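**Student:** Structure file start_30.cif (mmCIF, C-alpha atoms) is given on the next line.
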```cif
data_final
#
loop_
_atom_site.group_PDB
_atom_site.id
_atom_site.type_symbol
_atom_site.label_atom_id
_atom_site.label_comp_id
_atom_site.auth_asym_id
_atom_site.auth_seq_id
_atom_site.Cartn_x
_atom_site.Cartn_y
_atom_site.Cartn_z
ATOM 1 C CA MET A 1 90.431 12.522 109.528
ATOM 2 C CA LEU A 2 88.349 13.732 112.458
ATOM 3 C CA LYS A 3 84.618 13.139 112.488
ATOM 4 C CA ASP A 4 82.270 16.153 112.636
ATOM 5 C CA ILE A 5 81.674 16.913 116.308
ATOM 6 C CA ASN A 6 78.660 19.077 115.445
ATOM 7 C CA THR A 7 76.761 15.991 114.268
ATOM 8 C CA ILE A 8 77.609 13.573 117.062
ATOM 9 C CA ALA A 9 74.770 11.702 118.771
ATOM 10 C CA ILE A 10 75.395 11.179 122.491
ATOM 11 C CA GLY A 11 73.851 8.004 123.893
ATOM 12 C CA SER A 12 74.164 5.277 126.510
ATOM 13 C CA THR A 13 76.639 3.316 124.388
ATOM 14 C CA ASN A 14 78.632 6.439 123.436
ATOM 15 C CA PRO A 15 78.423 8.757 126.474
ATOM 16 C CA CYS A 16 80.024 12.154 126.944
ATOM 17 C CA LEU A 17 82.351 12.889 129.864
ATOM 18 C CA LEU A 18 81.748 16.192 131.656
ATOM 19 C CA VAL A 19 84.354 17.290 134.207
ATOM 20 C CA TYR A 20 83.673 20.143 136.615
ATOM 21 C CA MET A 21 86.658 21.587 138.517
ATOM 22 C CA ILE A 22 85.601 23.649 141.531
ATOM 23 C CA ASP A 23 87.897 26.083 143.320
ATOM 24 C CA GLN A 24 87.094 25.810 147.020
ATOM 25 C CA SER A 25 89.883 28.082 148.298
ATOM 26 C CA GLY A 26 89.302 30.587 151.079
ATOM 27 C CA SER A 27 88.517 33.527 148.805
ATOM 28 C CA MET A 28 85.437 31.708 147.505
ATOM 29 C CA SER A 29 83.757 32.747 150.765
ATOM 30 C CA GLU A 30 83.614 36.345 149.497
ATOM 31 C CA ASP A 31 80.426 37.811 148.038
ATOM 32 C CA PHE A 32 79.670 37.036 144.421
ATOM 33 C CA GLY A 33 79.583 40.488 142.796
ATOM 34 C CA ASN A 34 76.642 42.415 144.215
ATOM 35 C CA ASP A 35 74.794 39.257 145.237
ATOM 36 C CA SER A 36 74.190 38.350 148.856
ATOM 37 C CA HIS A 37 75.469 34.820 148.240
ATOM 38 C CA SER A 38 79.116 33.858 148.418
ATOM 39 C CA LYS A 39 81.004 32.797 145.299
ATOM 40 C CA ALA A 40 81.043 29.248 146.669
ATOM 41 C CA GLN A 41 77.267 29.215 147.188
ATOM 42 C CA GLU A 42 76.505 30.704 143.767
ATOM 43 C CA LEU A 43 78.771 28.169 142.075
ATOM 44 C CA CYS A 44 77.117 25.256 143.865
ATOM 45 C CA ASN A 45 73.659 26.539 142.961
ATOM 46 C CA ALA A 46 74.657 26.685 139.298
ATOM 47 C CA ILE A 47 76.286 23.253 139.187
ATOM 48 C CA ASN A 48 73.402 21.574 141.009
ATOM 49 C CA SER A 49 70.989 23.168 138.551
ATOM 50 C CA VAL A 50 72.949 22.109 135.468
ATOM 51 C CA ILE A 51 73.412 18.538 136.701
ATOM 52 C CA TYR A 52 69.652 18.276 137.213
ATOM 53 C CA GLU A 53 69.024 19.722 133.744
ATOM 54 C CA VAL A 54 71.414 17.218 132.159
ATOM 55 C CA GLY A 55 69.639 14.445 134.040
ATOM 56 C CA LEU A 56 66.191 15.504 132.871
ATOM 57 C CA ARG A 57 67.344 15.386 129.261
ATOM 58 C CA CYS A 58 68.522 11.814 129.777
ATOM 59 C CA MET A 59 65.094 10.584 130.915
ATOM 60 C CA ARG A 60 63.004 8.464 128.579
ATOM 61 C CA THR A 61 59.760 6.721 129.621
ATOM 62 C CA GLY A 62 60.630 7.075 133.282
ATOM 63 C CA GLU A 63 64.162 5.692 132.949
ATOM 64 C CA VAL A 64 67.409 7.643 133.097
ATOM 65 C CA LYS A 65 69.712 6.762 130.206
ATOM 66 C CA SER A 66 73.406 7.030 131.125
ATOM 67 C CA ARG A 67 74.300 9.331 128.253
ATOM 68 C CA PHE A 68 76.673 11.349 130.400
ATOM 69 C CA GLU A 69 79.337 10.577 132.939
ATOM 70 C CA ILE A 70 80.181 13.451 135.265
ATOM 71 C CA ALA A 71 83.345 13.931 137.300
ATOM 72 C CA LEU A 72 83.593 16.544 140.031
ATOM 73 C CA PHE A 73 86.984 17.729 141.296
ATOM 74 C CA ALA A 74 87.083 20.113 144.279
ATOM 75 C CA TYR A 75 90.431 21.712 145.079
ATOM 76 C CA SER A 76 91.652 23.708 148.063
ATOM 77 C CA GLY A 77 94.624 23.817 150.433
ATOM 78 C CA THR A 78 97.006 21.152 149.149
ATOM 79 C CA THR A 79 94.410 18.555 148.210
ATOM 80 C CA VAL A 80 92.038 17.581 145.429
ATOM 81 C CA ARG A 81 88.991 15.562 146.411
ATOM 82 C CA PRO A 82 85.703 14.361 144.908
ATOM 83 C CA GLY A 83 83.329 17.314 145.129
ATOM 84 C CA TRP A 84 80.230 15.189 145.683
ATOM 85 C CA GLU A 85 78.480 15.043 149.036
ATOM 86 C CA GLY A 86 76.918 11.933 150.514
ATOM 87 C CA THR A 87 77.200 8.440 149.040
ATOM 88 C CA LEU A 88 78.820 9.645 145.803
ATOM 89 C CA ASN A 89 81.847 11.019 147.658
ATOM 90 C CA ASN A 90 83.835 7.788 147.295
ATOM 91 C CA THR A 91 85.037 8.639 143.780
ATOM 92 C CA PHE A 92 85.280 11.488 141.265
ATOM 93 C CA LEU A 93 83.299 9.949 138.397
ATOM 94 C CA HIS A 94 79.690 8.735 138.213
ATOM 95 C CA THR A 95 77.090 8.104 135.533
ATOM 96 C CA ILE A 96 74.226 10.560 135.319
ATOM 97 C CA ARG A 97 71.893 7.742 136.319
ATOM 98 C CA ASP A 98 73.815 7.083 139.545
ATOM 99 C CA ILE A 99 73.931 10.808 140.251
ATOM 100 C CA LEU A 100 70.169 11.282 139.924
ATOM 101 C CA GLU A 101 69.517 8.219 142.071
ATOM 102 C CA ASN A 102 71.833 9.411 144.870
ATOM 103 C CA PRO A 103 71.229 13.080 145.707
ATOM 104 C CA TYR A 104 72.684 14.462 148.895
ATOM 105 C CA GLN A 105 69.633 16.540 149.793
ATOM 106 C CA VAL A 106 66.182 16.986 148.274
ATOM 107 C CA GLY A 107 64.229 20.140 149.115
ATOM 108 C CA ASP A 108 60.898 21.524 147.970
ATOM 109 C CA ASP A 109 62.453 23.198 144.921
ATOM 110 C CA THR A 110 66.044 21.988 144.883
ATOM 111 C CA ILE A 111 68.163 18.869 144.578
ATOM 112 C CA THR A 112 71.696 19.064 145.928
ATOM 113 C CA TRP A 113 74.825 17.064 145.140
ATOM 114 C CA VAL A 114 77.365 19.805 145.826
ATOM 115 C CA THR A 115 77.608 22.108 148.844
ATOM 116 C CA PRO A 116 79.761 25.229 149.345
ATOM 117 C CA HIS A 117 83.212 25.031 150.920
ATOM 118 C CA ALA A 118 85.894 27.715 151.094
ATOM 119 C CA ASP A 119 89.222 27.171 152.818
ATOM 120 C CA ASP A 120 92.925 27.843 152.350
ATOM 121 C CA ALA A 121 94.925 27.852 149.091
ATOM 122 C CA THR A 122 94.322 27.086 145.380
ATOM 123 C CA PRO A 123 96.063 23.897 144.127
ATOM 124 C CA MET A 124 94.884 24.296 140.535
ATOM 125 C CA LEU A 125 97.927 22.586 138.993
ATOM 126 C CA THR A 126 97.359 19.482 141.117
ATOM 127 C CA ALA A 127 93.698 19.484 140.110
ATOM 128 C CA PHE A 128 94.543 19.636 136.386
ATOM 129 C CA LYS A 129 97.022 16.775 136.835
ATOM 130 C CA ASN A 130 94.279 14.634 138.381
ATOM 131 C CA VAL A 131 91.897 15.557 135.584
ATOM 132 C CA ARG A 132 94.496 14.640 132.953
ATOM 133 C CA GLU A 133 94.806 11.135 134.396
ATOM 134 C CA LEU A 134 91.048 10.615 134.505
ATOM 135 C CA CYS A 135 90.501 11.860 130.936
ATOM 136 C CA ASP A 136 93.326 9.690 129.608
ATOM 137 C CA ASP A 137 91.862 6.606 131.295
ATOM 138 C CA TRP A 138 88.344 7.414 130.110
ATOM 139 C CA ILE A 139 89.299 7.947 126.461
ATOM 140 C CA ASN A 140 91.199 4.661 126.396
ATOM 141 C CA TRP A 141 88.361 2.630 127.914
ATOM 142 C CA GLY A 142 86.291 0.435 125.585
ATOM 143 C CA ARG A 143 85.270 2.270 122.406
ATOM 144 C CA HIS A 144 85.268 5.772 123.888
ATOM 145 C CA ARG A 145 88.057 6.897 121.560
ATOM 146 C CA GLU A 146 86.222 5.736 118.431
ATOM 147 C CA ASP A 147 82.622 6.570 119.305
ATOM 148 C CA CYS A 148 82.448 9.353 121.895
ATOM 149 C CA HIS A 149 82.400 13.114 122.177
ATOM 150 C CA PRO A 150 85.754 14.322 123.569
ATOM 151 C CA PRO A 151 85.697 15.119 127.299
ATOM 152 C CA ILE A 152 84.639 18.633 128.287
ATOM 153 C CA ILE A 153 86.364 20.194 131.316
ATOM 154 C CA ILE A 154 84.889 23.290 132.966
ATOM 155 C CA ASN A 155 87.161 24.935 135.543
ATOM 156 C CA VAL A 156 85.701 27.594 137.829
ATOM 157 C CA SER A 157 88.177 29.639 139.877
ATOM 158 C CA ASP A 158 88.517 33.045 141.492
ATOM 159 C CA GLY A 159 92.271 33.097 142.030
ATOM 160 C CA ALA A 160 95.729 32.192 140.828
ATOM 161 C CA ALA A 161 97.166 28.741 141.437
ATOM 162 C CA THR A 162 99.252 28.516 144.591
ATOM 163 C CA ASP A 163 101.056 25.297 143.575
ATOM 164 C CA ASP A 164 102.762 26.554 140.395
ATOM 165 C CA ASP A 165 105.525 29.019 139.494
ATOM 166 C CA GLN A 166 104.828 32.691 138.761
ATOM 167 C CA ASN A 167 104.514 32.027 135.022
ATOM 168 C CA PHE A 168 102.102 29.114 135.556
ATOM 169 C CA SER A 169 104.334 26.972 133.360
ATOM 170 C CA GLY A 170 103.141 23.776 135.046
ATOM 171 C CA ILE A 171 99.485 24.514 134.304
ATOM 172 C CA ARG A 172 100.315 25.427 130.715
ATOM 173 C CA ARG A 173 102.103 22.109 130.198
ATOM 174 C CA VAL A 174 99.481 19.896 131.806
ATOM 175 C CA VAL A 175 96.581 21.624 130.021
ATOM 176 C CA GLN A 176 98.386 21.176 126.709
ATOM 177 C CA ASP A 177 98.723 17.494 127.590
ATOM 178 C CA ILE A 178 94.979 17.384 128.300
ATOM 179 C CA ARG A 179 94.116 19.100 125.008
ATOM 180 C CA ASN A 180 96.327 16.599 123.172
ATOM 181 C CA LEU A 181 94.055 13.807 124.417
ATOM 182 C CA GLN A 182 91.380 13.208 121.825
ATOM 183 C CA THR A 183 88.664 10.953 120.538
ATOM 184 C CA ASP A 184 87.934 10.548 116.838
ATOM 185 C CA TYR A 185 85.667 13.613 117.159
ATOM 186 C CA GLY A 186 88.403 15.970 118.328
ATOM 187 C CA PRO A 187 90.550 17.076 121.274
ATOM 188 C CA THR A 188 89.505 17.281 124.904
ATOM 189 C CA MET A 189 88.046 20.706 125.600
ATOM 190 C CA VAL A 190 89.071 22.965 128.493
ATOM 191 C CA LEU A 191 86.731 25.846 129.406
ATOM 192 C CA ASN A 192 87.329 28.390 132.188
ATOM 193 C CA ILE A 193 85.171 30.711 134.262
ATOM 194 C CA HIS A 194 87.168 33.353 136.134
ATOM 195 C CA ILE A 195 85.184 34.756 139.047
ATOM 196 C CA SER A 196 87.111 37.893 139.973
ATOM 197 C CA SER A 197 86.833 40.034 143.088
ATOM 198 C CA ARG A 198 88.139 42.963 141.086
ATOM 199 C CA HIS A 199 85.582 45.468 139.831
ATOM 200 C CA ALA A 200 85.954 45.293 136.068
ATOM 201 C CA ASN A 201 83.898 44.844 132.932
ATOM 202 C CA ARG A 202 82.615 41.400 132.044
ATOM 203 C CA ILE A 203 84.555 39.588 129.328
ATOM 204 C CA LEU A 204 82.388 36.986 127.636
ATOM 205 C CA PHE A 205 83.701 34.416 125.146
ATOM 206 C CA PRO A 206 86.532 36.585 123.757
ATOM 207 C CA ASP A 207 88.575 35.640 120.699
ATOM 208 C CA ARG A 208 91.731 37.425 121.891
ATOM 209 C CA PRO A 209 93.310 38.403 125.236
ATOM 210 C CA MET A 210 91.536 41.397 126.755
ATOM 211 C CA SER A 211 93.849 42.104 129.680
ATOM 212 C CA ASN A 212 97.517 42.206 130.656
ATOM 213 C CA ASP A 213 96.746 40.546 133.981
ATOM 214 C CA GLN A 214 98.825 37.372 134.072
ATOM 215 C CA HIS A 215 96.144 35.137 135.591
ATOM 216 C CA GLU A 216 93.438 36.388 133.249
ATOM 217 C CA ARG A 217 95.687 35.783 130.234
ATOM 218 C CA LEU A 218 96.514 32.301 131.487
ATOM 219 C CA LEU A 219 92.882 31.222 131.757
ATOM 220 C CA PHE A 220 92.098 32.705 128.340
ATOM 221 C CA GLU A 221 95.113 31.048 126.705
ATOM 222 C CA ILE A 222 94.362 27.583 128.104
ATOM 223 C CA SER A 223 90.688 27.791 127.082
ATOM 224 C CA SER A 224 89.618 25.863 123.997
ATOM 225 C CA PRO A 225 87.919 27.448 120.981
ATOM 226 C CA LEU A 226 84.205 26.705 120.961
ATOM 227 C CA TYR A 227 82.812 24.571 118.172
ATOM 228 C CA LYS A 228 79.765 25.530 116.111
ATOM 229 C CA ALA A 229 77.095 23.814 118.216
ATOM 230 C CA MET A 230 78.402 25.550 121.361
ATOM 231 C CA ILE A 231 78.554 28.911 119.580
ATOM 232 C CA ASP A 232 74.967 28.406 118.420
ATOM 233 C CA ARG A 233 73.840 27.629 121.997
ATOM 234 C CA ALA A 234 75.592 30.772 123.244
ATOM 235 C CA ARG A 235 74.004 32.930 120.562
ATOM 236 C CA THR A 236 70.525 31.730 121.515
ATOM 237 C CA ARG A 237 71.282 33.334 124.900
ATOM 238 C CA GLU A 238 72.111 36.605 123.101
ATOM 239 C CA TYR A 239 75.886 36.447 123.569
ATOM 240 C CA ASN A 240 77.862 38.076 120.783
ATOM 241 C CA LEU A 241 80.432 35.502 119.664
ATOM 242 C CA SER A 242 82.840 35.323 116.760
ATOM 243 C CA GLU A 243 83.720 32.098 114.993
ATOM 244 C CA ASN A 244 86.994 32.069 116.986
ATOM 245 C CA SER A 245 85.517 32.659 120.439
ATOM 246 C CA ARG A 246 87.023 30.683 123.282
ATOM 247 C CA GLY A 247 85.322 29.040 126.228
ATOM 248 C CA TYR A 248 86.318 31.720 128.718
ATOM 249 C CA ILE A 249 84.398 34.179 130.869
ATOM 250 C CA PHE A 250 85.896 36.803 133.158
ATOM 251 C CA ASN A 251 83.880 38.499 135.897
ATOM 252 C CA GLY A 252 80.534 37.203 134.669
ATOM 253 C CA ASN A 253 77.414 37.595 136.783
ATOM 254 C CA SER A 254 75.266 34.775 138.177
ATOM 255 C CA ILE A 255 73.304 34.486 134.922
ATOM 256 C CA ASP A 256 76.537 34.239 132.914
ATOM 257 C CA LEU A 257 77.748 31.514 135.274
ATOM 258 C CA ILE A 258 74.788 29.209 134.752
ATOM 259 C CA ASN A 259 74.594 30.034 131.037
ATOM 260 C CA PHE A 260 78.259 29.111 130.636
ATOM 261 C CA LEU A 261 77.723 25.772 132.365
ATOM 262 C CA ASN A 262 74.754 25.096 130.090
ATOM 263 C CA ILE A 263 76.648 26.083 126.945
ATOM 264 C CA GLY A 264 79.582 23.871 127.898
ATOM 265 C CA SER A 265 77.424 20.872 128.867
ATOM 266 C CA PRO A 266 75.817 19.342 125.736
ATOM 267 C CA GLY A 267 72.976 17.686 127.655
ATOM 268 C CA ALA A 268 71.791 20.969 129.193
ATOM 269 C CA GLN A 269 69.794 23.652 127.452
#
```
Before anything else, please render the file you have as structure tokens.
**Tutor:**
Amino acid sequence: MLKDINTIAIGSTNPCLLVYMIDQSGSMSEDFGNDSHSKAQELCNAINSVIYEVGLRCMRTGEVKSRFEIALFAYSGTTVRPGWEGTLNNTFLHTIRDILENPYQVGDDTITWVTPHADDATPMLTAFKNVRELCDDWINWGRHREDCHPPIIINVSDGAATDDDQNFSGIRRVVQDIRNLQTDYGPTMVLNIHISSRHANRILFPDRPMSNDQHERLLFEISSPLYKAMIDRARTREYNLSENSRGYIFNGNSIDLINFLNIGSPGAQ
């Protein structure tokens, strides 16, 4: 029997794995909605902010407790690489303590670990395959399976995968493999933010498909249902969710983007 994920305590001995997948294809250079920033810039701003927020919530008496481990996968062209800049760029996964101690840039009001890039194609299938391997290894390390929150994967993309068939059957298979990976608290969660260039209404945490567009349906269908604590966090931000809402947003604005990252990242509020 699964343990109740809504009651889990995340700590240094039972950390939570957060995985951010960042689309860095060429179309991410386009403007983000009506904002003056590009999609790539807005995404980096949001992720840098959420990482800092997670870090602050891990600080006790001046020390950062490694309650979270964060992996950052950037994908574009035909490659998937660690999305970190600077000294962290040698690998995908780091503890929150290492992340806070090794920023890429520190400004008057900002701390940066991720910078915008936008080039070439969208190898989303390859990225999910890499994420599957990391999550499998992480769950099977030490007592992660018995004691830890299941990994949470947040994929942010503005386009269809260019390394899969027209039905995205490869992505469907590998994401199902990922969601079959579980700790004693439940299955690995996959959440998706679809940043569209198409002028259309925002779709926020739906509980059923809201479009016949193949790519939109794909990202909805591979998105995990939210559990109660996530639904409660979303409702405090005045989102209207049902008990069956999934972790999917289509065409959200900049506020929706950072709210989604906060809702999907247990250490951020």
**Student:** Can you spell out as an NGL selection string the set of residues that the PyMOL selection byres ((chain A and resi 262) around 10) selects in the structure I just provided?
**Tutor:** :A and (46-47 or 49-51 or 53-54 or 230 or 233-234 or 256-261 or 263-269)
**Student:** Rank nothing, just name the residue among A:Ile96, A:Leu72, A:Leu241, A:Val80 nearest to A:Lys129, using all atoms listed in the file.
**Tutor:** A:Val80
**Student:** Could you check the closest approach to A:Arg179 for each of A:Tyr20, A:Ser157, A:Pro206, A:Ile222 and tell me which residue wins, using all atoms listed in the file?
**Tutor:**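 Result for the nearest residue to A:Arg179: A:Ile222.
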**Student:** Using only C-alpha atoms, which of A:Thr183, A:Ser245, A:Thr91, A:Asn167 sits nearest A:Asp147?
**Tutor:**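 Of the candidates, the smallest distance to A:Asp147 is held by A:Thr183.
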**Student:** For the PyMOL selection byres ((chain A and resi 188) around 7), applied here, can you spell out every residue it catches as a list of chain:residue names?
**Tutor:**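 With the PyMOL selection byres ((chain A and resi 188) around 7) on this model, the match is A:Pro150, A:Pro151, A:Ile152, A:Ile178, A:Arg179, A:Leu181, A:Gln182, A:Gly186, A:Pro187, A:Met189, A:Val190.
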**Student:** Give as a JSON list (two decimals) with C-alpha atoms, in the frame of the given file the residues that the PyMOL selection byres ((chain A and resi 111) around 10) matches when applied to the coordinates above.
**Tutor:**
```json
[["chain", "number", "residue", "atom", "x", "y", "z"],
["A", 45, "ASN", "CA", 73.66, 26.54, 142.96],
["A", 48, "ASN", "CA", 73.40, 21.57, 141.01],
["A", 49, "SER", "CA", 70.99, 23.17, 138.55],
["A", 51, "ILE", "CA", 73.41, 18.54, 136.70],
["A", 52, "TYR", "CA", 69.65, 18.28, 137.21],
["A", 100, "LEU", "CA", 70.17, 11.28, 139.92],
["A", 103, "PRO", "CA", 71.23, 13.08, 145.71],
["A", 104, "TYR", "CA", 72.68, 14.46, 148.90],
["A", 105, "GLN", "CA", 69.63, 16.54, 149.79],
["A", 106, "VAL", "CA", 66.18, 16.99, 148.27],
["A", 107, "GLY", "CA", 64.23, 20.14, 149.12],
["A", 108, "ASP", "CA", 60.90, 21.52, 147.97],
["A", 109, "ASP", "CA", 62.45, 23.20, 144.92],
["A", 110, "THR", "CA", 66.04, 21.99, 144.88],
["A", 112, "THR", "CA", 71.70, 19.06, 145.93],
["A", 113, "TRP", "CA", 74.82, 17.06, 145.14],
["A", 114, "VAL", "CA", 77.36, 19.80, 145.83]]
```
**Student:** Using Å and a single decimal, report how far atom CA of A:Gly55 sits from atom CA of A:Asn253.
**Tutor:**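 We find that atom CA of A:Asn253 and atom CA of A:Gly55 lie 24.6 Å from each other.
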**Student:** Quick check, in Å to one decimal: how far apart do atom CA of A:Val174 and atom CA of A:Glu133 lie?
**Tutor:**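 Interatomic distance here is 10.3 Å.
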**Student:** What does the distance between atom CA of A:Gly142 and atom CA of A:Val175 come to in Å, to one decimal place?
**Tutor:**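 Pair atom CA of A:Gly142 / atom CA of A:Val175 returns 24.0 Å.
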**Student:** Write out as AutoDock Vina command-line options an axis-aligned box for stretch 55-59 of chain A: all of its atoms listed in the file, 4 Å added on each side, centre and edge lengths in Å with one decimal.
**Tutor:**
```
--center_x 67.4 --center_y 13.0 --center_z 131.7 --size_x 12.5 --size_y 12.9 --size_z 12.8
```
**Student:** Find, counting only C-alpha atoms, the residue in A:Ala161, A:Ile255, A:Ile99, A:Leu56 that gets nearest to A:Thr78.
**Tutor:**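 Going through A:Ala161, A:Ile255, A:Ile99, A:Leu56 one by one, the smallest distance to A:Thr78 is for A:Ala161.
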**Student:** Which is closest to A:Met124 among A:Ala229, A:Ala74, A:Cys148, A:Leu204, if we use only C-alpha atoms?
**Tutor:**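 Among A:Ala229, A:Ala74, A:Cys148, A:Leu204, it is A:Ala74 that comes nearest to A:Met124.
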**Student:** Got a sec to check which residues sit within 12 Å of (84.8, 45.7, 131.3), counting all atoms listed in the file, and write them as a PyMOL selection string?
**Tutor:** chain A and resi 196+198-204+206+210-211+249-252
**Student:** Show me the residues close to (91.4, 37.6, 128.0) - anything with an atom within 10 Å, counting all atoms listed in the file - and format the list as an NGL selection string.
**Tutor:** :A and (203-221 or 223 or 246 or 248-250)
**Student:** With only C-alpha atoms as the atoms that count, which of A:Thr122, A:Arg143, A:Ile70, A:Asp31 lies nearest to A:Thr13?
**Tutor:**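 That would be A:Arg143, the residue with the smallest distance to A:Thr13.
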**Student:** Skip A:Gln24 itself and residues of its chain fewer than 4 positions away, then list as number ranges by chain all residues within 8 Å of it, counting only C-alpha atoms.
**Tutor:** A: 28, 40, 74-76, 116-119, 122
